[in-house]
>>> print(open('target26.csv').read())   # CSV, C-alpha atoms
chain,number,residue,atom,x,y,z
A,55,SER,CA,-42.3,34.0,-50.0
A,56,TYR,CA,-43.2,37.2,-51.8
A,57,SER,CA,-46.7,37.7,-50.4
A,58,LYS,CA,-45.9,36.7,-46.8
A,59,ASN,CA,-42.4,38.2,-46.4
A,60,PRO,CA,-41.6,40.9,-49.0
A,61,LYS,CA,-38.0,42.1,-49.0
A,62,PRO,CA,-37.2,45.8,-48.6
A,63,LYS,CA,-36.7,47.8,-51.7
A,64,VAL,CA,-33.1,48.0,-52.7
A,65,PRO,CA,-31.4,50.1,-55.4
A,66,LEU,CA,-31.6,48.1,-58.6
A,67,GLU,CA,-28.1,49.0,-59.6
A,68,TYR,CA,-27.0,46.5,-56.9
A,69,PHE,CA,-27.9,43.9,-59.5
A,70,SER,CA,-25.9,45.5,-62.4
A,71,ASN,CA,-23.4,42.7,-62.5
A,72,VAL,CA,-25.9,39.9,-62.0
A,73,PRO,CA,-26.7,37.9,-65.2
A,74,PHE,CA,-30.3,38.5,-66.2
A,75,LEU,CA,-32.9,36.2,-67.8
A,76,LEU,CA,-34.9,38.6,-69.8
A,77,LEU,CA,-38.2,37.9,-71.6
A,78,THR,CA,-38.4,37.6,-75.4
A,79,ASN,CA,-38.8,40.7,-77.6
A,80,THR,CA,-42.5,40.1,-77.9
A,81,ASN,CA,-43.2,40.5,-74.2
A,82,ASN,CA,-44.1,43.9,-72.8
A,83,LEU,CA,-42.4,43.1,-69.6
A,84,ARG,CA,-39.0,42.9,-71.4
A,85,VAL,CA,-39.5,46.5,-72.7
A,86,ARG,CA,-40.4,47.7,-69.2
A,87,ALA,CA,-37.5,45.7,-67.6
A,88,LEU,CA,-35.0,47.4,-69.9
A,89,ALA,CA,-36.6,50.8,-69.2
A,90,ILE,CA,-36.3,50.1,-65.4
A,91,CYS,CA,-32.6,49.2,-65.8
A,92,HIS,CA,-32.1,52.4,-67.8
A,93,GLU,CA,-33.8,54.4,-65.1
A,94,ASN,CA,-31.2,52.9,-62.7
A,95,GLN,CA,-28.2,53.8,-65.0
A,96,PHE,CA,-27.2,50.3,-66.1
A,97,THR,CA,-27.6,47.9,-69.0
A,98,PRO,CA,-28.5,44.4,-67.9
A,99,ASN,CA,-26.0,41.6,-68.5
A,100,ILE,CA,-28.5,39.4,-70.5
A,101,ARG,CA,-27.6,35.7,-70.1
A,102,PHE,CA,-30.7,34.2,-71.8
A,103,GLN,CA,-34.0,35.3,-73.3
A,104,ALA,CA,-37.1,33.2,-72.7
A,105,GLU,CA,-40.8,33.3,-72.1
A,106,GLN,CA,-41.9,34.5,-68.6
A,107,LEU,CA,-42.6,31.1,-67.0
A,108,THR,CA,-39.3,29.6,-68.5
A,109,ALA,CA,-37.3,32.6,-67.2
A,110,TYR,CA,-38.9,32.2,-63.8
A,111,TYR,CA,-38.0,28.5,-63.7
A,112,LEU,CA,-34.4,29.2,-64.8
A,113,ALA,CA,-34.1,31.8,-62.1
A,114,ALA,CA,-35.3,29.2,-59.6
A,115,HIS,CA,-32.5,27.0,-60.7
A,116,GLY,CA,-29.9,29.7,-60.0
A,117,LEU,CA,-29.2,30.8,-63.6
A,118,GLY,CA,-29.8,34.5,-63.1
A,119,ALA,CA,-32.2,37.2,-62.1
A,120,THR,CA,-35.4,38.0,-63.9
A,121,PHE,CA,-38.3,40.5,-63.8
A,122,ILE,CA,-41.6,38.7,-63.1
A,123,SER,CA,-45.1,39.7,-62.4
A,124,ASP,CA,-46.5,39.4,-59.0
A,125,VAL,CA,-49.4,37.3,-60.4
A,126,MET,CA,-46.9,34.7,-61.6
A,127,ILE,CA,-45.2,34.7,-58.2
A,128,ARG,CA,-48.5,33.9,-56.5
A,129,GLU,CA,-49.3,31.1,-58.9
A,130,HIS,CA,-45.9,29.4,-58.9
A,131,HIS,CA,-44.0,29.4,-55.6
A,132,PHE,CA,-40.2,28.8,-55.4
A,133,PRO,CA,-39.1,29.1,-51.7
A,134,ASN,CA,-35.4,29.4,-52.8
A,135,LEU,CA,-36.0,32.7,-54.6
A,136,VAL,CA,-35.9,36.1,-53.1
A,137,PHE,CA,-38.3,38.7,-54.5
A,138,TYR,CA,-37.7,42.4,-54.4
A,139,PRO,CA,-40.4,45.0,-55.1
A,140,ILE,CA,-39.4,47.5,-57.8
A,141,ASP,CA,-40.0,51.2,-57.2
A,142,SER,CA,-40.7,52.5,-60.6
A,143,PRO,CA,-43.8,53.8,-62.4
A,144,VAL,CA,-42.8,51.6,-65.3
A,145,ALA,CA,-43.3,48.5,-63.1
A,146,VAL,CA,-47.1,49.3,-62.8
A,147,ARG,CA,-49.4,48.2,-65.5
A,148,ILE,CA,-52.9,49.6,-65.7
A,149,TYR,CA,-55.6,47.7,-67.5
A,150,HIS,CA,-58.7,49.3,-68.9
A,151,ALA,CA,-61.9,47.9,-70.3
A,152,VAL,CA,-62.8,50.4,-72.9
A,153,ILE,CA,-66.4,50.3,-74.0
A,154,HIS,CA,-68.5,52.7,-76.0
A,155,LYS,CA,-70.8,54.6,-73.6
A,156,HIS,CA,-74.0,53.2,-75.2
A,157,SER,CA,-72.7,49.8,-76.3
A,158,TYR,CA,-74.5,46.6,-75.5
A,159,LEU,CA,-72.5,44.5,-73.0
A,160,SER,CA,-73.2,40.8,-73.1
A,161,ARG,CA,-73.5,39.0,-69.8
A,162,HIS,CA,-70.2,37.3,-70.5
A,163,MET,CA,-68.4,40.6,-71.0
A,164,GLU,CA,-69.9,42.0,-67.8
A,165,THR,CA,-68.8,38.9,-65.9
A,166,PHE,CA,-65.3,39.2,-67.3
A,167,ILE,CA,-65.0,42.9,-66.3
A,168,ASP,CA,-66.4,42.1,-62.8
A,169,LEU,CA,-63.9,39.2,-62.5
A,170,ALA,CA,-61.0,41.4,-63.5
A,171,ARG,CA,-62.0,44.0,-60.9
A,172,LYS,CA,-62.3,41.5,-58.1
A,173,THR,CA,-59.1,39.7,-59.1
A,174,TRP,CA,-56.7,42.6,-59.3
A,175,LYS,CA,-58.2,45.5,-57.3
A,176,GLY,CA,-56.2,45.9,-54.0
A,177,LYS,CA,-54.3,42.7,-54.5
A,178,SER,CA,-51.4,43.7,-56.7
A,179,ASN,CA,-49.9,46.6,-58.6
A,180,TYR,CA,-52.6,46.1,-61.1
A,181,CYS,CA,-55.3,48.8,-61.2
A,182,ILE,CA,-58.8,48.6,-62.5
A,183,ASP,CA,-60.4,52.0,-63.2
A,184,ASP,CA,-64.2,52.3,-62.5
>>> encode(input="target26.csv", output="structure tokens")
Amino acid sequence: SYSKNPKPKVPLEYFSNVPFLLLTNTNNLRVRALAICHENQFTPNIRFQAEQLTAYYLAAHGLGATFISDVMIREHHFPNLVFYPIDSPVAVRIYHAVIHKHSYLSRHMETFIDLARKTWKGKSNYCIDD
């Protein structure tokens, strides 16, 4: 599995002839996936476009490769899939909670920000700035 036995990084151009299951145009991960392919000098052979979970299930059934977040991998485990980490700055998303310096923060908002920090800090490619 991804978390217990990550595969070594491989050049992404190895997958240039593999059919891809890309996310729909409204998903930011699609834009980043295309940018990552462009960084690696190839245009993906797009077999199908779907939402993230659907693309993941289709990949699990052998219909192609897809880009998926590590959070999704931890929540839905498919032992027949192989996961490769992607070495690209485009693959990392940084989340910020932007708050006016002197704004009132409700207890719910403070709890949400604390939960986000605890959930992602040190556990994935996600970063929470203090």
>>> closest_residue(input="target26.csv", among="A:His131, A:Val152, A:Arg147, A:Gln95", to="Tyr68 (chain A)", atoms="only C-alpha atoms")
A:Gln95
>>> residues_around(input="target26.csv", residues="Asn79 (chain A)", least_positions_apart="5", cutoff="12 Å", atoms="only C-alpha atoms", output="mmCIF file with C-alpha atoms, keeping the file's coordinate frame")
data_model
loop_
_atom_site.group_PDB
_atom_site.id
_atom_site.type_symbol
_atom_site.label_atom_id
_atom_site.label_comp_id
_atom_site.auth_asym_id
_atom_site.auth_seq_id
_atom_site.Cartn_x
_atom_site.Cartn_y
_atom_site.Cartn_z
ATOM 1 C CA ARG A 84 -39.000 42.900 -71.400
ATOM 2 C CA VAL A 85 -39.500 46.500 -72.700
ATOM 3 C CA ARG A 86 -40.400 47.700 -69.200
ATOM 4 C CA ALA A 87 -37.500 45.700 -67.600
ATOM 5 C CA LEU A 88 -35.000 47.400 -69.900
ATOM 6 C CA PHE A 102 -30.700 34.200 -71.800
ATOM 7 C CA GLN A 103 -34.000 35.300 -73.300
ATOM 8 C CA ALA A 104 -37.100 33.200 -72.700
ATOM 9 C CA GLU A 105 -40.800 33.300 -72.100
ATOM 10 C CA GLN A 106 -41.900 34.500 -68.600
#
>>> atom_distance(input="target26.csv", atom1="CA of Phe137 (chain A)", atom2="CA of Thr173 (chain A)")
21.3 Å
>>> atom_distance(input="target26.csv", atom1="CA of Ile140 (chain A)", atom2="CA of Phe166 (chain A)")
28.8 Å
>>> atom_distance(input="target26.csv", atom1="CA of Ala114 (chain A)", atom2="CA of Pro133 (chain A)")
8.8 Å
>>> closest_residue(input="target26.csv", among="A:Ile90, A:Ile100, A:Ile148, A:Leu77", to="Ala170 (chain A)", atoms="only C-alpha atoms")
A:Ile148
>>> residues_around(input="target26.csv", residues="Phe69 (chain A)", least_positions_apart="4", cutoff="10 Å", atoms="all atoms listed in the file", output="MDAnalysis selection string")
chainID A and resid 64:65 73:74 91 96 98:99 119
>>> closest_residue(input="target26.csv", among="A:Glu129, A:Asp168, A:Glu93, A:Asp124", to="Leu66 (chain A)", atoms="all atoms listed in the file")
A:Glu93
